[in-house]
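J.: One structure, as structure tokens, below. Some questions next.
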Amino acid sequence: MKKFILDLELKENSILDKKHFLLKLTSPSPLPPMLPGQFVQVLVKNSQEVFLRRPVSIHYVDRERNELWLLIQVVGKGSQKLSELSPGATVNLLLPLGNTFTLDPVPQSRLILIGGGVGIAPLLFLGAYLKNNNHQCNFLLGARSKKDLLQLTEFEKYGTVYTTTEDGSHGEKGYVTQHSILKSKSFDMIYACGPTPMMKALAEYASETGVYCEVSLENTMACGIGACLCCVTDSLDGHLCVCTEGPVFNSKRLKW
Amino acid sequence: MKKFILDLELKENSILDKKHFLLKLTSPSPLPPMLPGQFVQVLVKNSQEVFLRRPVSIHYVDRERNELWLLIQVVGKGSQKLSELSPGATVNLLLPLGNTFTLDPVPQSRLILIGGGVGIAPLLFLGAYLKNNNHQCNFLLGARSKKDLLQLTEFEKYGTVYTTTEDGSHGEKGYVTQHSILKSKSFDMIYACGPTPMMKALAEYASETGVYCEVSLENTMACGIGACLCCVTDSLDGHLCVCTEGPVFNSKRLKW
Amino acid sequence: MVKLSVNIGGVELKNPVMTASGTFGYGLEYSDFIDISRIGGIIVKGTTIRERQGNPYPRMAETSSGMLNAVGLQNKGVDHFVSEIYPKIKDIDTNFFVNVSGSTIEDYVATAEKLNDLEKIPGIELNISCPNVKEGGMAFGTSCASAAEVTKAVRRVYHRSLMVKLSPNVSNISDIAQAVEYEGADSVSLINTLLGMAVDAEKRKAILSTVTGGLSGPAVKPVALRMVWQVSQAVKIPVIGLGGIMSAQDAIEFILAGATAVQVGTANFIDPCISTKIIDGIEDYLVRNKFNNISDIVGVI
Amino acid sequence: MVKLSVNIGGVELKNPVMTASGTFGYGLEYSDFIDISRIGGIIVKGTTIRERQGNPYPRMAETSSGMLNAVGLQNKGVDHFVSEIYPKIKDIDTNFFVNVSGSTIEDYVATAEKLNDLEKIPGIELNISCPNVKEGGMAFGTSCASAAEVTKAVRRVYHRSLMVKLSPNVSNISDIAQAVEYEGADSVSLINTLLGMAVDAEKRKAILSTVTGGLSGPAVKPVALRMVWQVSQAVKIPVIGLGGIMSAQDAIEFILAGATAVQVGTANFIDPCISTKIIDGIEDYLVRNKFNNISDIVGVI
Ligand SMILES: Cc1cc2nc3c(=O)[nH]c(=O)nc-3n(C[C@H](O)[C@H](O)[C@H](O)COP(=O)(O)OP(=O)(O)OC[C@H]3O[C@@H](n4cnc5c(N)ncnc54)[C@H](O)[C@@H]3O)c2cc1C
Ligand SMILES: Cc1cc2nc3c(=O)[nH]c(=O)nc-3n(C[C@H](O)[C@H](O)[C@H](O)COP(=O)(O)OP(=O)(O)OC[C@H]3O[C@@H](n4cnc5c(N)ncnc54)[C@H](O)[C@@H]3O)c2cc1C
Ligand SMILES: Cc1cc2nc3c(=O)[nH]c(=O)nc-3n(C[C@H](O)[C@H](O)[C@H](O)COP(=O)(O)O)c2cc1C
Ligand SMILES: Cc1cc2nc3c(=O)[nH]c(=O)nc-3n(C[C@H](O)[C@H](O)[C@H](O)COP(=O)(O)O)c2cc1C
Ligand code: FES
Ligand code: FES
């Protein structure tokens with residue numbers, strides 16, 4: 001897919017909770033093609049500390065409104081700076097980057113999209129895409145507590161939502177990997193994004209149960225386009241670039 | 001004089017012309033003592049390029065409104081960034097720095113305050129101070145053209161204002177150093193600030209006519225408080241620190 | 001029309017802007033963003049005699065106005081380059097140089113030999129300065145004797161333009177430049193990365209898997225400018241300057257300091273279009289300052 | 001209460017934070033902003049046997065995340081220090097070290113001798129690494145033989161704590177550290193500035209009157225961290241780390257990499273209160289991470 005460098009305009013910056021915010025970006029011209037699982041490289045301006053771009057998943061693309069959504073967690077200087085942007089600001093992006101989730105599962109497959117923390121970000125776009133293509137999605141979303149479960153009403157538009165919270169304040173208590181649905185129902189395919197321990201546990205679950213499992217990895221990146229080789233992950237086929245050969249991988253190919 | 005590090009609040013940022021702006025800064029508590037000729041070191045935030053503070057003269061201190069005024073020319077990254085500040089912004093300053101102009105000239109002295117370009121900045125505070133102390137000031141202000149003559153109505157409050165413009169659009173045509181007043185009247189004391197060639201010409205004029213002349217120098221600074229020795233100027237007494245032994249010097253002591 | 005073309009050790013570049021090894025892939029990675037044939041020269045990734053997996057993750061850390069990398073020459077080996085990559089790039093109208101790396105002199109020589117016959121590769125950049133590999137690499141670049149030895153050995157077998165890339169991690173870079181000039185280098189490029197380190201204070205560990213890595217980006221520009229200035233006074237062959245170039249102004253600073261051409265590295269990550277912007281910016285500068293030829297400003301300081 | 005005090009070659013500092021030579025004047029310049037007696041140690045300006053005017057203006061240039069200086073050891077000479085400055089600082093409750101610089105071994109020795117008897121000066125920092133003077137200075141710091149020679153000569157006459165400040169402009173800083181340790185240095189501090197250069201593209205001239213100057217600030221931190229890590233593994237005497245420290249986190253990174261104490265330089269220009277903020281920040285870090293003693297985290301990497 002052709003990559004672009006674009007100046008988008010910030011239409012809305014919603015603070016979701018203390019640590020998360022949602023950017024809605026738009027442009028006078030139609031946004032280029034983008035697919036679920038892909039990400040963007042955001043330029044952080046006006047910061048003394050931030051030098052490199054920051055990789056962020058495509059949370060959702062609203063074609064009607066010509067909007068690109070990014071769901072971001074404040075973890076350091078770059079995300080902090082982005083959280084302070086006001087509507088009208090120009091945000092420079094490289095996009096779309098990376099590969100995609102498997103977008104054409106066998107019809108009638110039992111799909112579950114599992115996200116932990118801000119790892120839910122790419123799953124909204126994926127769920128919407130799959131629903132549009134006549135698949136039924138189950139979402140299993142985990143967070144620390146009820147207030148940390150983000151975008152629930154959005155997810156509910158595209159499938160059945162199950163949740164876990166560490167303190168039991170919403171859904172089942174515990175981690176997503178402990179949710180009863182994983183025992184009570186069987187699935188043909190898992191799409192997962194979240195903290196490494198979560199994805200590792202799912203990779204094990206997948207290999208034990210023989211379910212096909214795709215994970216979207218995070219990694220420190222410089223270029224985002226396969227030029228620097230800084231973002232490798234170890235796999236059965238050696239070092240793979242997360243920014244071009246990923247971020248989505250078959251969990252079986254990775255060395256956990 | 002005791003120096004402070006202060007966070008002031010930007011009350012007003014007025015664009016005076018394409019290249020100049022005026023910052024009015026205030027604080028809930030009374031601003032510390034500051035005297036004409038002194039300067040501040042401004043911290044420029046949110047810039048990838050700017051690392052060091054920027055020295056800026058004290059343009060005026062409005063004790064009634066508890067305001068510090070800075071008159072700044074956009075020349076590079078730092079001044080550009082400051083020009084973009086919005087009211088409400090916090091500006092961190094070290095102040096007051098450096099020595100002062102001679103503030104107690106002999107009563108009845110014939111004083112002329114000569115400024116070229118943004119060099120007029122420290123002269124407003126000086127003129128106001130001298131007037132308050134029952135001195136009569138003449139201002140001779142030079143600029144490229146009429147629209148570049150800044151703050152004229154302010155200066156008029158404190159004395160008689162003469163002007164030169166390079167294109168003759170206001171006052172006499174030419175440089176300040178060519179103004180007829182310097183020939184038609186005689187003065188006991190010159191206070192000058194402006195581009196080096198202007199100050200050099202005035203230093204020569206002063207030494208020929210025997211008039212006492214004080215110039216306020218610019219220099220590249222790191223610390224602004226005499227610690228780094230980066231800001232020296234050559235004088236008959238060797239290298240002098242502009243930030244502590246200046247910025248105001250007797251023009252005779254300097255090697256031009 | 002100002003003349004932008006320069007001659008680098010026998011290779012004519014249409015303009016003095018090249019892209020630096022390891023930061024521009026094989027050029028193709030950038031072709032969605034710019035017309036890569038506009039670039040004066042493209043130095044491809046560090047290439048070794050055999051495939052290398054490079055260092056374990058993490059390989060990168062951001063620093064103030066810069067970054068550290070410890071990629072460690074991951075590449076599929078020179079044969080892969082010759083059979084798979086070369087056919088894809090050979091018809092692009094720019095000059096591709098292969099960055100040749102190795103752990104032993106034999107490796108360097110063998111790799112260079114295999115590139116000798118590639119018609120559309122007018123030269124190689126001999127990387128005697130990579131700080132990210134255990135043996136060899138930088139070690140060759142930090143003493144005059146070993147720098148001379150590897151240059152001499154490669155010179156004997158390689159008949160096209162030989163650019164030697166110098167390490168900045170040395171007491172006296174001019175001596176090394178003179179040593180490789182003496183052994184037949186056609187040009188020198190500098191600087192490779194400065195050896196640095198980053199620490200995660202919360203985890204109380206080094207960030208890079210290799211602890212140390214190579215520092216690049218604007219942070220190193222002052223050191224790079226100084227070395228380019230020193231080396232350009234010490235040698236007669238062309239000097240290619242790099243290290244922290246982010247803008248046309250930066251590139252011009254290197255040219256004024258003595259560089260005949262420049263390379264743009266880390267900046268490509270922040271703006272994939274930067275190399276062509278720099279070409280345009282240099283042209284504007286020359287026009288604005290009424291120079292007819294880029295050579296008028298080389299080394300005027 | 002966590003223990004912050006450290007011992008640096010026989011001198012007990014109340015905390016590991018010192019201020020770097022040439023960036024903190026004689027301390028008094030900062031006393032409007034902070035209580036300077038809170039600082040672990042203050043290294044005063046470079047002091048030479050005779051008064052020096054330093055280099056002509058311009059002496060400073062801003063760079064990406066850093067600055068270049070070419071002050072060139074402007075100072076009024078050691079006798080002036082002894083008679084005029086010492087009386088003003090001797091009763092301040094911190095440790096003042098004099099940074100001793102020179103052009104010849106005799107100069108270093110003579111200067112050190114004059115400081116021997118100052119009761120409240122527990123040590124000197126031997127500056128064999130200043131890049132801003134024509135003869136001597138850095139030259140001593142860039143070869144093992146000369147670094148050893150000057151250390152040996154000063155050690156013979158100077159009986160208090162001898163800290164030797166190393167130059168980063170070398171191929172192998174560990175070798176030099178070992179050489180000065182062998183000759184009796186009680187501690188080593190590093191890094192001094194990296195030799196750099198800045199160019200004014202519009203004027204087509206070097207910015208500094210001396211063309212080259214010393215680079216400091218966060219830009220150099222990765223290089224400094226790496227060298228501190230290398231040297232702390234090579235010597236047994238305490239290592240004092242500096243170069244680009246702007247925050248408590250930066251200071252902790254140096255300590256984790258092997259520094260027993262740190263120095264804060266350029267950061268003082270941006271925030272004159274930074275040294276005491278760093279002391280507080282280190283204490284907070286230790287408390288938060290449940291360490292009782294700063295020594296628990298020295299060199300854990
Ligand atoms: C393909 C991809 C998609 C991503 N999608 C999203 C998303 O949709 N929403 C979101 O909030 N975040 C996402 N991330 C993570 C995001 O890129 C980082 O959180 C961000 O770069 C941190 O930048 P910062 O300046 O705020 O933090 P920094 O100050 O740079 O770092 C803070 C801490 O986080 C660590 N860190 C920083 N970046 C990464 C990283 N990429 N991987 C692991 N650790 C890191 C640092 O080492 C440091 O300890 C994604 C990452 C990748 C690679
Ligand atoms: C005591 C003192 C008082 C000053 N008062 C004022 C004032 O009231 N209003 C005002 O507009 N300016 C004043 N200046 C000048 C002001 O400090 C500089 O214009 C400013 O630092 C430029 O910063 P910048 O980031 O915008 O430009 P930069 O990007 O840093 O520089 C742009 C160009 O200007 C040159 N330059 C930068 N700073 C100086 C300097 N200090 N002296 C000479 N050349 C320099 C640079 O070399 C470069 O060529 C004063 C300077 C001093 C020393
Ligand atoms: C991610 C990365 C990988 C690099 N790989 C190589 C390499 O394979 N061979 C080489 O000679 N230099 C390599 N370099 C060094 C660059 O070519 C260049 O010398 C250095 O980054 C300084 O230039 P810059 O500041 O413009 O990036 C690499 C640099 C980076 C950042
Ligand atoms: C303006 C200035 C003057 C300096 N003068 C000296 C000096 O006289 N003696 C010395 O040993 N180091 C001197 N240094 C080097 C610093 O002490 C320190 O080693 C260096 O700046 C790196 O630390 P930093 O990045 O924290 O500033 C000077 C540095 C600066 C910026
Ligand atoms: S981030 Fe550069 S190759 Fe992936
Ligand atoms: S700016 Fe530091 S001494 Fe004047």
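Residue numbers start at 1 in each chain; chains themselves are named A, B, ... in the order of the structure tokens; ligands are numbered from 1 in the order shown.
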With DSSP run on the backbone, what are the strand (DSSP E) residues within segment 73-216 of chain A? I'd like them as a ChimeraX atom specification.
T.: /A:73,90-97,111-116,137-143,159-165,172-173,189-193,212-216
J.: Can you pull out every residue with an atom within 8 Å of ligand 4? Use only C-alpha atoms and all ligand atoms and format it as number ranges by chain.
T.: B: 222, 227-230; D: 19-23, 44-47, 60, 66-74, 99-101, 125-130, 165, 190-193, 214-221, 242-246, 263-267
J.: Would you mind listing, for every residue of chain B within 7 Å of chain A, the two atoms forming the shortest contact and the distance between them in Å to one decimal, using only C-alpha atoms, sorted by chain and ascending residue number, as a Markdown table?
T.:
| residue | atom | partner | partner_atom | distance |
| --- | --- | --- | --- | --- |
| B:Asn46 | CA | A:Asn46 | CA | 4.6 |
| B:Ser47 | CA | A:Asn46 | CA | 4.9 |
| B:Gln48 | CA | A:Gln48 | CA | 4.3 |
J.: Would you mind listing, as a ChimeraX atom specification, all residues of chain A that have at least one atom within 9 Å of chain C, where only C-alpha atoms are what counts?
T.: /A:2-5,43,48-53,94,219-234,238-239
J.: Mind dumping the selected residues with N, CA, C and O atoms as a tab-separated table (two decimals), in the first residue's frame?
T.:
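Contents of the output file selection.tsv:
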chain	number	residue	atom	x	y	z
A	2	LYS	N	0.48	2.21	-0.76
A	2	LYS	CA	1.27	3.43	-0.84
A	2	LYS	C	1.24	4.16	0.49
A	2	LYS	O	0.20	4.30	1.12
A	3	LYS	N	2.42	4.62	0.89
A	3	LYS	CA	2.54	5.38	2.14
A	3	LYS	C	2.54	6.87	1.84
A	3	LYS	O	3.01	7.31	0.79
A	4	PHE	N	2.04	7.62	2.80
A	4	PHE	CA	1.96	9.07	2.63
A	4	PHE	C	2.56	9.78	3.82
A	4	PHE	O	2.61	9.25	4.93
A	5	ILE	N	3.01	10.99	3.59
A	5	ILE	CA	3.32	11.89	4.69
A	5	ILE	C	2.30	13.01	4.60
A	5	ILE	O	2.16	13.68	3.58
A	43	LEU	N	4.52	12.76	14.27
A	43	LEU	CA	5.57	13.71	14.60
A	43	LEU	C	5.13	14.53	15.82
A	43	LEU	O	4.03	15.09	15.82
A	48	GLN	N	11.27	19.73	23.56
A	48	GLN	CA	12.72	19.71	23.62
A	48	GLN	C	13.22	18.28	23.73
A	48	GLN	O	14.32	17.97	23.28
A	49	GLU	N	12.41	17.40	24.31
A	49	GLU	CA	12.90	16.05	24.59
A	49	GLU	C	12.63	15.07	23.47
A	49	GLU	O	13.36	14.10	23.31
A	50	VAL	N	11.55	15.28	22.73
A	50	VAL	CA	11.18	14.26	21.76
A	50	VAL	C	11.89	14.51	20.44
A	50	VAL	O	11.86	15.61	19.90
A	51	PHE	N	12.53	13.48	19.93
A	51	PHE	CA	13.27	13.63	18.70
A	51	PHE	C	12.66	12.79	17.58
A	51	PHE	O	12.46	13.26	16.47
A	52	LEU	N	12.35	11.55	17.89
A	52	LEU	CA	11.82	10.64	16.88
A	52	LEU	C	10.29	10.68	16.84
A	52	LEU	O	9.64	11.10	17.79
A	53	ARG	N	9.73	10.20	15.74
A	53	ARG	CA	8.29	10.03	15.66
A	53	ARG	C	7.83	8.94	16.63
A	53	ARG	O	8.63	8.14	17.09
A	94	LEU	N	3.10	9.79	9.14
A	94	LEU	CA	3.40	8.86	8.05
A	94	LEU	C	2.34	7.77	8.15
A	94	LEU	O	2.12	7.22	9.23
A	219	ASN	N	7.01	-2.06	19.82
A	219	ASN	CA	8.46	-2.12	19.72
A	219	ASN	C	8.95	-0.69	19.60
A	219	ASN	O	8.21	0.19	19.18
A	220	THR	N	10.20	-0.45	20.00
A	220	THR	CA	10.72	0.91	19.80
A	220	THR	C	11.12	1.07	18.34
A	220	THR	O	11.80	0.23	17.77
A	221	MET	N	10.69	2.14	17.76
A	221	MET	CA	10.89	2.35	16.34
A	221	MET	C	11.59	3.67	16.05
A	221	MET	O	11.37	4.65	16.75
A	222	ALA	N	12.38	3.67	15.01
A	222	ALA	CA	12.93	4.94	14.55
A	222	ALA	C	12.20	5.34	13.26
A	222	ALA	O	11.44	6.29	13.25
A	223	CYS	N	12.37	4.55	12.19
A	223	CYS	CA	11.82	4.99	10.91
A	223	CYS	C	10.36	4.60	10.69
A	223	CYS	O	9.58	5.36	10.14
A	224	GLY	N	10.00	3.40	11.09
A	224	GLY	CA	8.64	2.92	10.86
A	224	GLY	C	8.38	2.40	9.45
A	224	GLY	O	7.27	1.99	9.14
A	225	ILE	N	9.41	2.41	8.60
A	225	ILE	CA	9.19	2.01	7.21
A	225	ILE	C	10.21	0.97	6.72
A	225	ILE	O	10.41	0.82	5.52
A	226	GLY	N	10.86	0.31	7.66
A	226	GLY	CA	11.74	-0.77	7.26
A	226	GLY	C	13.15	-0.37	6.86
A	226	GLY	O	13.91	-1.19	6.35
A	227	ALA	N	13.52	0.86	7.14
A	227	ALA	CA	14.83	1.33	6.69
A	227	ALA	C	15.92	1.18	7.74
A	227	ALA	O	17.09	1.04	7.39
A	228	CYS	N	15.58	1.23	9.02
A	228	CYS	CA	16.63	1.32	10.04
A	228	CYS	C	16.93	-0.01	10.73
A	228	CYS	O	17.97	-0.14	11.37
A	229	LEU	N	16.02	-0.94	10.68
A	229	LEU	CA	16.19	-2.24	11.35
A	229	LEU	C	16.32	-2.13	12.86
A	229	LEU	O	16.95	-2.98	13.50
A	230	CYS	N	15.73	-1.10	13.43
A	230	CYS	CA	15.80	-0.94	14.89
A	230	CYS	C	14.72	-1.72	15.61
A	230	CYS	O	14.80	-1.93	16.81
A	231	CYS	N	13.68	-2.14	14.91
A	231	CYS	CA	12.46	-2.60	15.58
A	231	CYS	C	12.26	-4.09	15.49
A	231	CYS	O	11.14	-4.56	15.39
A	232	VAL	N	13.35	-4.85	15.54
A	232	VAL	CA	13.19	-6.28	15.32
A	232	VAL	C	12.59	-7.03	16.50
A	232	VAL	O	12.71	-6.63	17.64
A	233	THR	N	11.96	-8.11	16.15
A	233	THR	CA	11.50	-9.06	17.16
A	233	THR	C	12.04	-10.41	16.75
A	233	THR	O	12.26	-10.66	15.57
A	234	ASP	N	12.28	-11.25	17.75
A	234	ASP	CA	12.90	-12.53	17.43
A	234	ASP	C	11.82	-13.54	17.04
A	234	ASP	O	10.78	-13.62	17.69
A	238	GLY	N	14.22	-15.86	12.46
A	238	GLY	CA	15.24	-14.84	12.75
A	238	GLY	C	14.60	-13.51	13.08
A	238	GLY	O	13.41	-13.44	13.42
A	239	HIS	N	15.40	-12.47	13.01
A	239	HIS	CA	14.91	-11.14	13.35
A	239	HIS	C	13.96	-10.60	12.29
A	239	HIS	O	14.31	-10.51	11.13
J.: Step by step, measure atom-to-atom distances between ligand 2 and each residue using only C-alpha atoms and all ligand atoms, keep those at most 8 Å, then write them as a compact mmCIF listing (two decimals) with N, CA, C and O atoms, in the first residue's frame.
T.:
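New file pocket04.txt:
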# COMPACT_ATOMS: atom_id res chain seq x y z
N HIS B 20 8.46 42.87 15.48
CA HIS B 20 8.58 43.23 16.90
C HIS B 20 7.30 42.96 17.66
O HIS B 20 6.20 43.17 17.14
N GLN B 38 19.19 47.23 33.24
CA GLN B 38 19.27 45.81 33.57
C GLN B 38 18.48 44.97 32.57
O GLN B 38 17.69 45.50 31.79
N PHE B 39 18.74 43.70 32.64
CA PHE B 39 18.07 42.80 31.70
C PHE B 39 17.58 41.55 32.41
O PHE B 39 17.83 41.36 33.60
N VAL B 40 16.90 40.72 31.67
CA VAL B 40 16.41 39.45 32.20
C VAL B 40 16.91 38.32 31.29
O VAL B 40 17.30 38.56 30.16
N VAL B 50 15.86 25.59 20.76
CA VAL B 50 16.42 26.53 21.73
C VAL B 50 16.84 25.78 22.99
O VAL B 50 16.07 25.03 23.56
N ARG B 53 18.84 30.15 27.71
CA ARG B 53 17.98 31.31 27.92
C ARG B 53 18.37 32.42 26.95
O ARG B 53 19.46 32.41 26.38
N ARG B 54 17.49 33.40 26.80
CA ARG B 54 17.75 34.53 25.92
C ARG B 54 17.75 35.82 26.73
O ARG B 54 16.81 36.07 27.48
N PRO B 55 18.81 36.63 26.59
CA PRO B 55 18.85 37.90 27.31
C PRO B 55 17.96 38.96 26.65
O PRO B 55 17.99 39.11 25.42
N VAL B 56 17.18 39.64 27.44
CA VAL B 56 16.30 40.70 26.93
C VAL B 56 16.30 41.85 27.93
O VAL B 56 16.18 41.64 29.15
N SER B 57 16.44 43.06 27.42
CA SER B 57 16.45 44.25 28.27
C SER B 57 15.10 44.46 28.94
O SER B 57 14.06 44.10 28.39
N ILE B 58 15.15 45.10 30.07
CA ILE B 58 13.91 45.52 30.72
C ILE B 58 13.43 46.77 29.99
O ILE B 58 14.10 47.81 30.00
N HIS B 59 12.34 46.65 29.30
CA HIS B 59 11.82 47.76 28.50
C HIS B 59 11.12 48.78 29.38
O HIS B 59 11.27 49.99 29.23
N LEU B 70 8.68 43.66 28.03
CA LEU B 70 9.83 43.31 27.20
C LEU B 70 9.49 43.62 25.74
O LEU B 70 8.41 43.25 25.26
N LEU B 71 10.39 44.31 25.09
CA LEU B 71 10.20 44.65 23.68
C LEU B 71 11.18 43.79 22.88
O LEU B 71 12.39 43.91 23.07
N ILE B 72 10.65 42.95 22.04
CA ILE B 72 11.53 41.94 21.43
C ILE B 72 11.42 41.93 19.91
O ILE B 72 10.33 42.05 19.35
N GLN B 73 12.58 41.79 19.30
CA GLN B 73 12.64 41.66 17.84
C GLN B 73 12.76 40.18 17.48
O GLN B 73 13.54 39.45 18.10
N VAL B 74 12.03 39.77 16.47
CA VAL B 74 12.15 38.39 16.01
C VAL B 74 13.40 38.28 15.14
O VAL B 74 13.46 38.89 14.07
N VAL B 75 14.40 37.57 15.64
CA VAL B 75 15.60 37.37 14.82
C VAL B 75 15.87 35.90 14.56
O VAL B 75 16.46 35.54 13.56
N GLY B 76 15.44 35.05 15.46
CA GLY B 76 15.73 33.62 15.29
C GLY B 76 14.70 32.79 16.03
O GLY B 76 13.60 33.24 16.33
N LYS B 77 15.11 31.55 16.33
CA LYS B 77 14.19 30.57 16.89
C LYS B 77 13.61 30.99 18.24
O LYS B 77 12.45 30.75 18.53
N GLY B 78 14.45 31.54 19.09
CA GLY B 78 13.99 31.85 20.44
C GLY B 78 12.99 32.99 20.43
O GLY B 78 11.90 32.89 21.01
N SER B 79 13.34 34.06 19.78
CA SER B 79 12.44 35.21 19.75
C SER B 79 11.16 34.85 18.99
O SER B 79 10.07 35.27 19.36
N GLN B 80 11.29 34.05 17.97
CA GLN B 80 10.10 33.58 17.24
C GLN B 80 9.14 32.85 18.18
O GLN B 80 7.94 33.12 18.22
N LYS B 81 9.71 31.96 18.96
CA LYS B 81 8.90 31.16 19.88
C LYS B 81 8.21 32.05 20.91
O LYS B 81 7.03 31.87 21.22
N GLY B 98 22.72 42.24 35.50
CA GLY B 98 23.58 43.28 34.94
C GLY B 98 23.55 44.57 35.74
O GLY B 98 22.83 44.70 36.74
N VAL B 118 15.78 47.84 17.73
CA VAL B 118 15.24 47.34 18.98
C VAL B 118 16.08 47.82 20.17
O VAL B 118 15.71 47.62 21.32
N GLY B 119 17.19 48.50 19.89
CA GLY B 119 18.02 49.11 20.93
C GLY B 119 17.29 50.17 21.72
O GLY B 119 17.75 50.61 22.79
N ILE B 120 16.15 50.59 21.25
CA ILE B 120 15.36 51.53 22.04
C ILE B 120 14.82 50.87 23.31
O ILE B 120 14.41 51.57 24.23
N ALA B 121 14.83 49.54 23.36
CA ALA B 121 14.15 48.83 24.45
C ALA B 121 14.48 49.35 25.84
O ALA B 121 13.58 49.75 26.58
N PRO B 122 15.76 49.42 26.23
CA PRO B 122 16.03 49.81 27.62
C PRO B 122 15.82 51.30 27.88
O PRO B 122 15.79 51.73 29.03
N SER B 216 24.87 50.42 25.92
CA SER B 216 24.43 49.12 26.40
C SER B 216 24.71 48.10 25.30
O SER B 216 24.21 48.21 24.19
N LEU B 217 25.54 47.11 25.63
CA LEU B 217 26.00 46.15 24.62
C LEU B 217 25.15 44.89 24.57
O LEU B 217 24.59 44.46 25.57
N GLU B 218 25.12 44.31 23.40
CA GLU B 218 24.58 42.96 23.28
C GLU B 218 25.74 41.99 23.19
O GLU B 218 26.86 42.36 22.86
N ASN B 219 25.46 40.73 23.47
CA ASN B 219 26.50 39.73 23.45
C ASN B 219 25.82 38.38 23.57
O ASN B 219 24.71 38.28 24.08
N THR B 220 26.49 37.34 23.07
CA THR B 220 25.89 36.02 23.26
C THR B 220 26.16 35.57 24.69
O THR B 220 27.28 35.63 25.17
N MET B 221 25.13 35.12 25.35
CA MET B 221 25.25 34.76 26.76
C MET B 221 24.81 33.34 27.02
O MET B 221 23.91 32.84 26.37
N VAL B 242 29.95 41.05 29.93
CA VAL B 242 28.83 41.94 29.62
C VAL B 242 27.66 41.71 30.59
O VAL B 242 26.94 42.65 30.91
N CYS B 243 27.52 40.50 31.08
CA CYS B 243 26.34 40.23 31.91
C CYS B 243 26.45 40.74 33.33
O CYS B 243 25.42 40.91 34.00
N GLY B 246 28.64 44.70 32.66
CA GLY B 246 27.77 45.46 31.77
C GLY B 246 26.36 45.06 32.09
O GLY B 246 26.11 44.59 33.19
N PRO B 247 25.42 45.23 31.17
CA PRO B 247 25.63 45.52 29.75
C PRO B 247 25.98 46.99 29.46
O PRO B 247 26.35 47.30 28.35
N ALA D 61 28.57 29.23 21.39
CA ALA D 61 27.58 29.01 20.33
C ALA D 61 26.60 27.97 20.84
O ALA D 61 27.00 26.97 21.44
N GLU D 62 25.35 28.23 20.61
CA GLU D 62 24.33 27.25 20.98
C GLU D 62 24.29 26.16 19.92
O GLU D 62 24.46 26.45 18.73
N ASP D 200 28.45 29.52 10.91
CA ASP D 200 27.38 30.45 10.55
C ASP D 200 27.24 30.39 9.03
O ASP D 200 28.08 30.92 8.30
N ILE D 207 31.67 30.17 13.94
CA ILE D 207 31.07 31.09 14.91
C ILE D 207 32.06 31.48 15.99
O ILE D 207 32.16 32.64 16.36
J.: Find the residues in chain D near chain C: any atom within 8 Å counts, using only C-alpha atoms. Write them as a count of residues only.
T.: 38
